[in-house]
Amino acid sequence: MALAQRRKAIPVNVGGVVIGGAAPIAVQTMTKTDTRDVKATLRQIHELKEAGCEIVRPAVPDREAAEALKEIVKGSPLPVIADIHYDHTLALLAIEAGVHCLRLNPGNIPDRDKVVKVVTAAKERQIPFRIGVNAGSLPEEVHKSLREQHH
């Protein structure tokens, strides 16, 4: 079985773990805990590290979860990527908490000015972004077009 060719990507440093470029593929996963439960989230992050995970991504669905990030980042043995849900202010709080990277779905934050605020704040602190788009945030006409292409 032949190995798939990796597409060329610019290397990015996420809390000391280089991803992209010629770097080895890094193992990343989301936490399954409620991010607001700092103790449970840190316990799971330590377990994930023992299992070989290199980067962890907790969900940030609300302000309380965003505020928990400071303690999580401080206690985490792994770089933390904040997975932002719908509200640009959560990304700004995550940046203040010291996360190593942000994951945003621009389809969930449709106001360009709000996205620009987040990008500007992250750039000032040299925090990289992961842009992730999933089907739930795509307009129905895109869904329809994709269904037609694949049937």
# chains A, B, ... in the order shown; residues from 1 in each chain; ligands from 1

$ closest_atom_pairs --of "segment 55-118 of chain A" --to "segment 11-35 of chain A" --cutoff "7 Å" --atoms "only C-alpha atoms" --output "JSON lines"
{"residue": "A:Ile55", "atom": "CA", "partner": "A:Gln28", "partner_atom": "CA", "distance": 4.6}
{"residue": "A:Val56", "atom": "CA", "partner": "A:Thr29", "partner_atom": "CA", "distance": 5.3}
{"residue": "A:Arg57", "atom": "CA", "partner": "A:Met30", "partner_atom": "CA", "distance": 4.4}
{"residue": "A:Pro58", "atom": "CA", "partner": "A:Thr31", "partner_atom": "CA", "distance": 5.1}
{"residue": "A:Ala59", "atom": "CA", "partner": "A:Thr35", "partner_atom": "CA", "distance": 6.5}
{"residue": "A:Val60", "atom": "CA", "partner": "A:Thr35", "partner_atom": "CA", "distance": 7.0}
{"residue": "A:Ala65", "atom": "CA", "partner": "A:Thr35", "partner_atom": "CA", "distance": 5.3}
{"residue": "A:Ala68", "atom": "CA", "partner": "A:Thr35", "partner_atom": "CA", "distance": 6.9}
{"residue": "A:Pro79", "atom": "CA", "partner": "A:Gly15", "partner_atom": "CA", "distance": 4.9}
{"residue": "A:His100", "atom": "CA", "partner": "A:Gly15", "partner_atom": "CA", "distance": 5.2}
{"residue": "A:Cys101", "atom": "CA", "partner": "A:Val14", "partner_atom": "CA", "distance": 6.2}

$ write_last_selection --atoms "N, CA and C atoms" --output "compact mmCIF listing (two decimals), in the first residue's frame"
# COMPACT_ATOMS: atom_id res chain seq x y z
N ILE A 55 -1.40 17.41 21.15
CA ILE A 55 -2.13 18.69 21.18
C ILE A 55 -3.56 18.36 21.58
N VAL A 56 -4.15 19.22 22.42
CA VAL A 56 -5.51 18.96 22.89
C VAL A 56 -6.40 20.16 22.57
N ARG A 57 -7.67 19.86 22.31
CA ARG A 57 -8.60 20.91 21.88
C ARG A 57 -9.91 20.82 22.66
N PRO A 58 -10.05 21.59 23.73
CA PRO A 58 -11.32 21.63 24.45
C PRO A 58 -12.34 22.54 23.76
N ALA A 59 -13.60 22.16 23.86
CA ALA A 59 -14.68 22.98 23.32
C ALA A 59 -14.90 24.19 24.21
N VAL A 60 -15.23 25.32 23.57
CA VAL A 60 -15.50 26.56 24.31
C VAL A 60 -16.88 27.05 23.87
N ALA A 65 -16.83 28.37 30.13
CA ALA A 65 -15.78 27.50 29.57
C ALA A 65 -14.57 28.33 29.16
N ALA A 68 -12.53 29.19 32.13
CA ALA A 68 -11.82 28.03 32.69
C ALA A 68 -10.50 27.78 31.97
N PRO A 79 -0.05 21.51 24.54
CA PRO A 79 -0.58 22.75 24.00
C PRO A 79 -2.11 22.67 23.88
N HIS A 100 -2.78 28.30 23.09
CA HIS A 100 -1.68 28.21 22.12
C HIS A 100 -2.16 28.36 20.67
N CYS A 101 -3.47 28.19 20.46
CA CYS A 101 -4.03 28.24 19.11
C CYS A 101 -5.54 28.36 19.24

$ atom_distance --atom1 "atom CA of Leu93 of chain A" --atom2 "atom CA of Leu48 of chain A"
24.7 Å

$ closest_residue --among "A:Ile84, A:Val118, A:Ile72, A:Leu78" --to "Gly98 of chain A" --atoms "only C-alpha atoms"
A:Ile72

$ select_by_dssp --residues "segment 3-143 of chain A" --states "alpha helix (DSSP H)" --output "PyMOL selection string"
chain A and resi 38-50+63-75+88-97+112-124+140-143

$ write_last_selection --atoms "N, CA and C atoms" --output "short mmCIF file (atom, residue, chain, number, x, y, z; two decimals), in the first residue's frame"
data_model
loop_
_atom_site.label_atom_id
_atom_site.label_comp_id
_atom_site.auth_asym_id
_atom_site.auth_seq_id
_atom_site.Cartn_x
_atom_site.Cartn_y
_atom_site.Cartn_z
N VAL A 38 -12.73 22.10 35.27
CA VAL A 38 -11.28 22.19 35.08
C VAL A 38 -10.59 20.91 35.54
N LYS A 39 -10.96 20.42 36.70
CA LYS A 39 -10.30 19.24 37.26
C LYS A 39 -10.45 18.02 36.34
N ALA A 40 -11.67 17.78 35.86
CA ALA A 40 -11.91 16.65 34.97
C ALA A 40 -11.20 16.84 33.63
N THR A 41 -11.20 18.07 33.13
CA THR A 41 -10.55 18.34 31.85
C THR A 41 -9.05 18.14 31.95
N LEU A 42 -8.43 18.63 33.02
CA LEU A 42 -6.99 18.42 33.19
C LEU A 42 -6.65 16.95 33.39
N ARG A 43 -7.50 16.24 34.12
CA ARG A 43 -7.26 14.80 34.31
C ARG A 43 -7.27 14.10 32.94
N GLN A 44 -8.25 14.44 32.11
CA GLN A 44 -8.32 13.82 30.79
C GLN A 44 -7.13 14.22 29.92
N ILE A 45 -6.70 15.46 30.00
CA ILE A 45 -5.53 15.89 29.21
C ILE A 45 -4.30 15.10 29.61
N HIS A 46 -4.10 14.87 30.89
CA HIS A 46 -2.96 14.06 31.34
C HIS A 46 -3.08 12.62 30.82
N GLU A 47 -4.28 12.06 30.83
CA GLU A 47 -4.50 10.72 30.28
C GLU A 47 -4.20 10.69 28.78
N LEU A 48 -4.63 11.73 28.08
CA LEU A 48 -4.37 11.80 26.64
C LEU A 48 -2.88 11.89 26.35
N LYS A 49 -2.16 12.63 27.16
CA LYS A 49 -0.70 12.72 26.99
C LYS A 49 -0.08 11.34 27.15
N GLU A 50 -0.51 10.61 28.17
CA GLU A 50 0.01 9.25 28.40
C GLU A 50 -0.28 8.33 27.21
N ARG A 63 -19.15 31.42 27.99
CA ARG A 63 -18.22 32.26 28.74
C ARG A 63 -17.55 31.51 29.89
N GLU A 64 -18.30 30.70 30.61
CA GLU A 64 -17.73 29.95 31.73
C GLU A 64 -16.62 29.02 31.26
N ALA A 65 -16.83 28.37 30.13
CA ALA A 65 -15.78 27.50 29.57
C ALA A 65 -14.57 28.33 29.16
N ALA A 66 -14.81 29.49 28.57
CA ALA A 66 -13.69 30.36 28.16
C ALA A 66 -12.89 30.81 29.38
N GLU A 67 -13.59 31.12 30.46
CA GLU A 67 -12.90 31.56 31.67
C GLU A 67 -12.13 30.43 32.33
N ALA A 68 -12.53 29.19 32.13
CA ALA A 68 -11.82 28.03 32.69
C ALA A 68 -10.50 27.78 31.97
N LEU A 69 -10.35 28.31 30.77
CA LEU A 69 -9.16 28.04 29.96
C LEU A 69 -7.86 28.48 30.62
N LYS A 70 -7.88 29.57 31.36
CA LYS A 70 -6.64 30.06 31.97
C LYS A 70 -6.05 28.99 32.88
N GLU A 71 -6.88 28.39 33.71
CA GLU A 71 -6.40 27.34 34.61
C GLU A 71 -6.04 26.07 33.84
N ILE A 72 -6.79 25.77 32.80
CA ILE A 72 -6.50 24.58 31.99
C ILE A 72 -5.16 24.75 31.28
N VAL A 73 -4.93 25.90 30.67
CA VAL A 73 -3.65 26.15 29.99
C VAL A 73 -2.50 26.05 30.98
N LYS A 74 -2.69 26.63 32.14
CA LYS A 74 -1.63 26.62 33.17
C LYS A 74 -1.30 25.20 33.62
N GLY A 75 -2.30 24.34 33.75
CA GLY A 75 -2.08 22.99 34.25
C GLY A 75 -1.88 21.92 33.19
N HIS A 88 -17.66 35.40 18.99
CA HIS A 88 -16.28 35.90 18.87
C HIS A 88 -15.69 36.33 20.21
N THR A 89 -16.55 36.73 21.16
CA THR A 89 -16.01 37.14 22.46
C THR A 89 -15.37 35.96 23.20
N LEU A 90 -15.82 34.75 22.91
CA LEU A 90 -15.19 33.57 23.51
C LEU A 90 -13.77 33.41 23.00
N ALA A 91 -13.55 33.73 21.74
CA ALA A 91 -12.19 33.67 21.18
C ALA A 91 -11.31 34.72 21.84
N LEU A 92 -11.85 35.91 22.06
CA LEU A 92 -11.06 36.96 22.71
C LEU A 92 -10.71 36.56 24.14
N LEU A 93 -11.64 35.94 24.85
CA LEU A 93 -11.35 35.45 26.21
C LEU A 93 -10.31 34.34 26.18
N ALA A 94 -10.39 33.46 25.19
CA ALA A 94 -9.41 32.37 25.06
C ALA A 94 -8.02 32.93 24.81
N ILE A 95 -7.93 33.96 24.00
CA ILE A 95 -6.64 34.61 23.74
C ILE A 95 -6.09 35.17 25.05
N GLU A 96 -6.94 35.85 25.81
CA GLU A 96 -6.52 36.40 27.10
C GLU A 96 -6.08 35.29 28.06
N ALA A 97 -6.68 34.12 27.95
CA ALA A 97 -6.35 32.99 28.83
C ALA A 97 -5.01 32.35 28.48
N ARG A 112 -18.09 39.74 9.61
CA ARG A 112 -16.68 39.93 9.25
C ARG A 112 -15.93 40.79 10.28
N ASP A 113 -16.54 41.85 10.76
CA ASP A 113 -15.88 42.74 11.72
C ASP A 113 -15.50 42.00 13.00
N LYS A 114 -16.35 41.08 13.43
CA LYS A 114 -16.06 40.31 14.64
C LYS A 114 -14.88 39.36 14.40
N VAL A 115 -14.86 38.75 13.23
CA VAL A 115 -13.74 37.86 12.90
C VAL A 115 -12.44 38.66 12.83
N VAL A 116 -12.50 39.85 12.25
CA VAL A 116 -11.31 40.71 12.16
C VAL A 116 -10.80 41.06 13.56
N LYS A 117 -11.69 41.33 14.50
CA LYS A 117 -11.27 41.61 15.88
C LYS A 117 -10.49 40.43 16.47
N VAL A 118 -10.99 39.24 16.23
CA VAL A 118 -10.32 38.04 16.76
C VAL A 118 -8.97 37.86 16.08
N VAL A 119 -8.94 37.99 14.77
CA VAL A 119 -7.68 37.82 14.02
C VAL A 119 -6.65 38.85 14.49
N THR A 120 -7.08 40.08 14.67
CA THR A 120 -6.16 41.13 15.13
C THR A 120 -5.59 40.82 16.51
N ALA A 121 -6.45 40.41 17.44
CA ALA A 121 -6.00 40.08 18.79
C ALA A 121 -5.05 38.88 18.78
N ALA A 122 -5.36 37.88 17.98
CA ALA A 122 -4.49 36.70 17.90
C ALA A 122 -3.15 37.06 17.27
N LYS A 123 -3.19 37.89 16.24
CA LYS A 123 -1.94 38.30 15.58
C LYS A 123 -1.04 39.07 16.54
N GLU A 124 -1.63 39.94 17.35
CA GLU A 124 -0.84 40.71 18.32
C GLU A 124 -0.09 39.79 19.29
N GLU A 140 -27.73 26.07 2.96
CA GLU A 140 -28.46 24.97 2.34
C GLU A 140 -28.14 24.83 0.85
N GLU A 141 -27.92 25.94 0.15
CA GLU A 141 -27.61 25.83 -1.29
C GLU A 141 -26.29 25.10 -1.53
N VAL A 142 -25.35 25.21 -0.61
CA VAL A 142 -24.09 24.47 -0.74
C VAL A 142 -24.35 22.99 -0.52
N HIS A 143 -25.16 22.66 0.49
CA HIS A 143 -25.54 21.26 0.72
C HIS A 143 -26.18 20.66 -0.53
#

$ atom_distance --atom1 "atom CA of Asn105 of chain A" --atom2 "atom CA of His85 of chain A"
7.8 Å

$ closest_residue --among "A:Tyr86, A:Ala4, A:Arg125, A:Glu148" --to "Gly107 of chain A" --atoms "only C-alpha atoms"
A:Tyr86

$ select_by_dssp --residues "chain A" --states "strand (DSSP E or B)" --output "list of chain:residue names"
A:Val12, A:Asn13, A:Val14, A:Val17, A:Val18, A:Ile19, A:Gln28, A:Thr29, A:Met30, A:Ile55, A:Val56, A:Arg57, A:Ala59, A:Val60, A:Val80, A:Ile81, A:Ala82, A:Asp83, A:Ile84, A:Cys101, A:Leu102, A:Arg103, A:Leu104, A:Phe129, A:Arg130, A:Ile131
